[in-house]
>>> print(open('entry27.txt').read())   # compact mmCIF, C-alpha atoms
# COMPACT_ATOMS: atom_id res chain seq x y z
CA MET V 838 2.07 -1.08 -1.56
CA ASP V 839 3.48 -3.01 1.32
CA PHE V 840 5.00 -5.61 -1.04
CA SER V 841 2.77 -8.38 0.33
CA PRO V 842 1.23 -10.92 -2.06
CA SER V 843 -2.09 -9.05 -1.90
CA SER V 844 -0.46 -5.73 -2.80
CA LEU V 845 1.33 -7.39 -5.72
CA THR V 846 -2.04 -8.65 -6.93
CA ALA V 847 -3.36 -5.09 -6.67
CA LEU V 848 -0.36 -3.89 -8.67
CA GLY V 849 -1.18 -6.38 -11.43
CA THR V 850 -4.76 -5.13 -11.56
CA ALA V 851 -3.62 -1.50 -11.56
CA VAL V 852 -1.20 -2.23 -14.41
CA ASP V 853 -3.99 -3.84 -16.44
CA LEU V 854 -6.25 -0.83 -15.85
CA ALA V 855 -3.48 1.67 -16.62
CA SER V 856 -2.65 -0.16 -19.83
CA HIS V 857 -6.28 -0.32 -20.92
CA PHE V 858 -7.07 3.33 -20.11
CA ARG V 859 -3.61 4.71 -20.92
CA ALA V 860 -3.33 6.04 -17.39
CA ALA V 861 -0.28 6.85 -15.30
CA LEU V 862 0.43 4.89 -12.12
CA ILE V 863 1.71 6.27 -8.85
CA LEU V 864 2.90 3.59 -6.46
CA ALA V 865 3.02 4.46 -2.75
CA HIS V 866 4.67 2.81 0.25
CA VAL V 867 4.59 3.85 3.90
CA VAL V 868 7.64 3.18 6.10
CA PRO V 869 6.70 2.92 9.79
CA VAL V 870 8.24 5.39 12.22
CA PHE V 871 8.73 4.24 15.79
CA ALA V 872 7.72 6.38 18.73
CA THR V 873 10.94 7.57 20.38
CA SER V 874 9.55 6.89 23.85
CA THR V 875 9.28 3.15 23.16
CA VAL V 876 12.51 2.63 21.25
CA PRO V 877 15.64 1.73 23.24
CA ASP V 878 18.48 4.24 23.01
CA TYR V 879 20.67 1.74 21.18
CA PHE V 880 18.16 1.21 18.37
CA PRO V 881 19.40 3.01 15.25
CA GLU V 882 16.06 4.39 14.04
CA SER V 883 17.65 6.49 11.31
CA LYS V 884 19.46 3.43 9.95
CA PHE V 885 16.20 1.47 9.94
CA LEU V 886 14.39 4.25 8.09
CA ASP V 887 17.23 4.59 5.57
CA HIS V 888 17.32 0.82 4.99
CA ALA V 889 13.52 0.57 4.64
CA ARG V 890 13.43 3.54 2.27
CA LYS V 891 16.27 2.16 0.12
CA ALA V 892 14.65 -1.29 -0.01
CA ALA V 893 11.35 0.24 -1.17
CA GLU V 894 13.15 2.47 -3.69
CA GLY V 895 14.93 -0.59 -5.10
CA ARG V 896 11.68 -2.49 -5.55
CA PHE V 897 9.91 0.51 -7.05
CA ALA V 898 12.82 1.19 -9.43
CA ALA V 899 12.56 -2.40 -10.69
CA TYR V 900 8.79 -2.07 -11.16
CA GLN V 901 9.29 1.28 -12.86
CA MET V 902 11.79 -0.15 -15.33
CA GLU V 903 9.60 -3.18 -16.09
CA LEU V 904 6.42 -1.16 -16.52
CA SER V 905 8.08 1.62 -18.51
CA ALA V 906 9.25 -1.05 -20.96
CA LYS V 907 5.56 -1.92 -21.41
CA GLY V 908 4.72 1.72 -22.15
CA ILE V 909 3.17 2.51 -18.77
CA ASP V 910 3.95 5.86 -17.15
CA VAL V 911 4.82 5.02 -13.53
CA SER V 912 6.21 6.98 -10.62
CA TYR V 913 6.38 6.31 -6.91
CA CYS V 914 6.48 7.96 -3.52
CA ILE V 915 7.65 6.70 -0.17
CA GLU V 916 6.07 8.16 2.94
CA GLU V 917 7.06 7.81 6.58
CA GLY V 918 4.57 7.47 9.43
CA ASN V 919 2.54 5.09 11.52
CA ASN V 920 -0.86 6.11 10.20
CA VAL V 921 -0.77 4.20 6.92
CA ALA V 922 -4.31 5.16 5.94
CA GLY V 923 -3.64 8.82 6.73
CA ASN V 924 -0.42 8.77 4.71
CA ILE V 925 -2.19 7.20 1.74
CA LEU V 926 -5.02 9.72 1.95
CA ARG V 927 -2.45 12.56 1.92
CA VAL V 928 -0.83 11.05 -1.19
CA ILE V 929 -4.25 10.89 -2.87
CA GLU V 930 -4.80 14.60 -2.19
CA ARG V 931 -1.26 15.77 -2.98
CA GLU V 932 -0.94 13.81 -6.23
CA LYS V 933 -4.56 14.43 -7.26
CA ILE V 934 -5.21 10.70 -7.63
CA ASP V 935 -8.44 10.07 -9.51
CA PHE V 936 -8.68 6.29 -8.99
CA LEU V 937 -7.19 4.02 -6.34
CA VAL V 938 -6.52 0.29 -6.42
CA ILE V 939 -6.01 -1.22 -2.98
CA SER V 940 -6.14 -4.69 -1.51
CA THR V 941 -7.10 -6.18 1.82
CA HIS V 942 -4.84 -8.61 3.63
CA GLY V 943 -7.65 -10.98 4.53
CA LEU V 944 -6.88 -10.69 8.23
CA SER V 945 -9.46 -11.61 10.81
CA GLY V 946 -9.56 -11.83 14.56
CA TRP V 947 -9.51 -9.10 17.16
CA HIS V 948 -7.01 -6.65 15.67
CA PRO V 949 -9.06 -5.49 12.65
CA LEU V 950 -12.21 -5.51 14.79
CA VAL V 951 -10.70 -3.24 17.42
CA PHE V 952 -8.49 -1.00 15.29
CA GLY V 953 -10.11 -1.30 11.87
CA SER V 954 -8.16 -2.18 8.79
CA THR V 955 -6.17 0.24 6.68
CA ALA V 956 -8.29 -0.66 3.66
CA GLU V 957 -11.50 -0.05 5.62
CA LYS V 958 -10.32 3.41 6.70
CA ILE V 959 -9.36 4.31 3.15
CA VAL V 960 -12.67 3.07 1.73
CA LYS V 961 -14.51 5.27 4.23
CA LEU V 962 -12.37 8.38 3.80
CA ALA V 963 -11.03 8.46 0.23
CA ARG V 964 -12.56 11.15 -1.97
CA CYS V 965 -11.86 9.32 -5.20
CA PRO V 966 -13.33 6.17 -6.70
CA LEU V 967 -11.50 3.01 -5.73
CA LEU V 968 -11.25 -0.67 -6.43
CA LEU V 969 -10.86 -2.82 -3.32
CA LEU V 970 -9.47 -6.26 -4.04
CA ARG V 971 -10.32 -8.80 -1.41
CA SER V 972 -7.54 -11.23 -0.48
CA ALA V 973 -7.99 -14.72 0.85
CA LYS V 974 -8.04 -14.99 4.63
CA GLN V 975 -4.62 -15.54 6.15
CA ASP V 976 -5.74 -17.12 9.42
CA GLY V 977 -6.73 -20.40 7.79
CA GLY V 978 -10.35 -19.81 8.78
CA ARG V 979 -13.31 -20.07 6.47
CA ASP V 980 -14.51 -17.02 4.68
CA GLU V 981 -18.06 -15.92 5.51
CA GLY V 982 -19.15 -16.55 1.96
CA SER V 983 -17.44 -19.90 1.44
CA GLN V 984 -19.27 -23.20 1.66
>>> encode(input="entry27.txt", output="structure tokens")
Amino acid sequence: MDFSPSSLTALGTAVDLASHFRAALILAHVVPVFATSTVPDYFPESKFLDHARKAAEGRFAAYQMELSAKGIDVSYCIEEGNNVAGNILRVIEREKIDFLVISTHGLSGWHPLVFGSTAEKIVKLARCPLLLLRSAKQDGGRDEGSQ
């Protein structure tokens, strides 16, 4: 989860599935780590990481309390790194995830074409079944399938 509207939609879908199948949820978030060669000396990287981790923990604790009240077994993990897809794939392996719910951000333009999207990388590399939820495009452009 990156706490975007599309990831919150994915959370809602995951909660519905977990409730229906009496499954446990593991929520994951990746905090970016900056390359030390590109960060000015005055930038407090450790403070940023601590703040980002605490913010994610606060959100996850709130979700955990809300979902536990509904009878859903939920835990979370917070990873650090710049390879979001790689981090998520490691969580899948480490936690023995048997089903993944992930969303796209609906981005278009040159960035996803050149670098590929996180969701695309996960779809190609994940070894478990997954549900990919497609978000509306964010660039204001028309979707290929819209009329």
>>> closest_residue(input="entry27.txt", among="V:Gly918, V:Gly849, V:Gly908, V:Pro842", to="V:Ala861", atoms="only C-alpha atoms")
V:Gly908
>>> residues_around(input="entry27.txt", residues="V:Leu862", least_positions_apart="6", cutoff="10 Å", atoms="only C-alpha atoms", output="PDB file with C-alpha atoms, keeping the file's coordinate frame")
ATOM      1  CA  LEU V 848      -0.360  -3.890  -8.670  1.00  0.00           C
ATOM      2  CA  ALA V 851      -3.620  -1.500 -11.560  1.00  0.00           C
ATOM      3  CA  VAL V 852      -1.200  -2.230 -14.410  1.00  0.00           C
ATOM      4  CA  LEU V 854      -6.250  -0.830 -15.850  1.00  0.00           C
ATOM      5  CA  ALA V 855      -3.480   1.670 -16.620  1.00  0.00           C
ATOM      6  CA  SER V 856      -2.650  -0.160 -19.830  1.00  0.00           C
ATOM      7  CA  GLN V 901       9.290   1.280 -12.860  1.00  0.00           C
ATOM      8  CA  LEU V 904       6.420  -1.160 -16.520  1.00  0.00           C
ATOM      9  CA  ILE V 909       3.170   2.510 -18.770  1.00  0.00           C
ATOM     10  CA  ASP V 910       3.950   5.860 -17.150  1.00  0.00           C
ATOM     11  CA  VAL V 911       4.820   5.020 -13.530  1.00  0.00           C
ATOM     12  CA  SER V 912       6.210   6.980 -10.620  1.00  0.00           C
ATOM     13  CA  TYR V 913       6.380   6.310  -6.910  1.00  0.00           C
ATOM     14  CA  ILE V 934      -5.210  10.700  -7.630  1.00  0.00           C
ATOM     15  CA  PHE V 936      -8.680   6.290  -8.990  1.00  0.00           C
ATOM     16  CA  LEU V 937      -7.190   4.020  -6.340  1.00  0.00           C
TER      17      LEU V 937
END
>>> atom_distance(input="entry27.txt", atom1="atom CA of V:Met902", atom2="atom CA of V:Phe885")
25.7 Å
>>> closest_residue(input="entry27.txt", among="V:Ala922, V:Ala847, V:Ala889, V:Ala899", to="V:Leu962", atoms="all atoms listed in the file")
V:Ala922
>>> atom_distance(input="entry27.txt", atom1="atom CA of V:Gly895", atom2="atom CA of V:Arg931")
23.1 Å
>>> atom_distance(input="entry27.txt", atom1="atom CA of V:Asn924", atom2="atom CA of V:Met838")
11.9 Å
>>> residues_near_point(input="entry27.txt", point="(-2.7, -6.9, 4.0)", cutoff="7 Å", atoms="all atoms listed in the file", output="list in words")
Ser841, Ser843, Ser940, Thr941, His942 and Gly943 of chain V
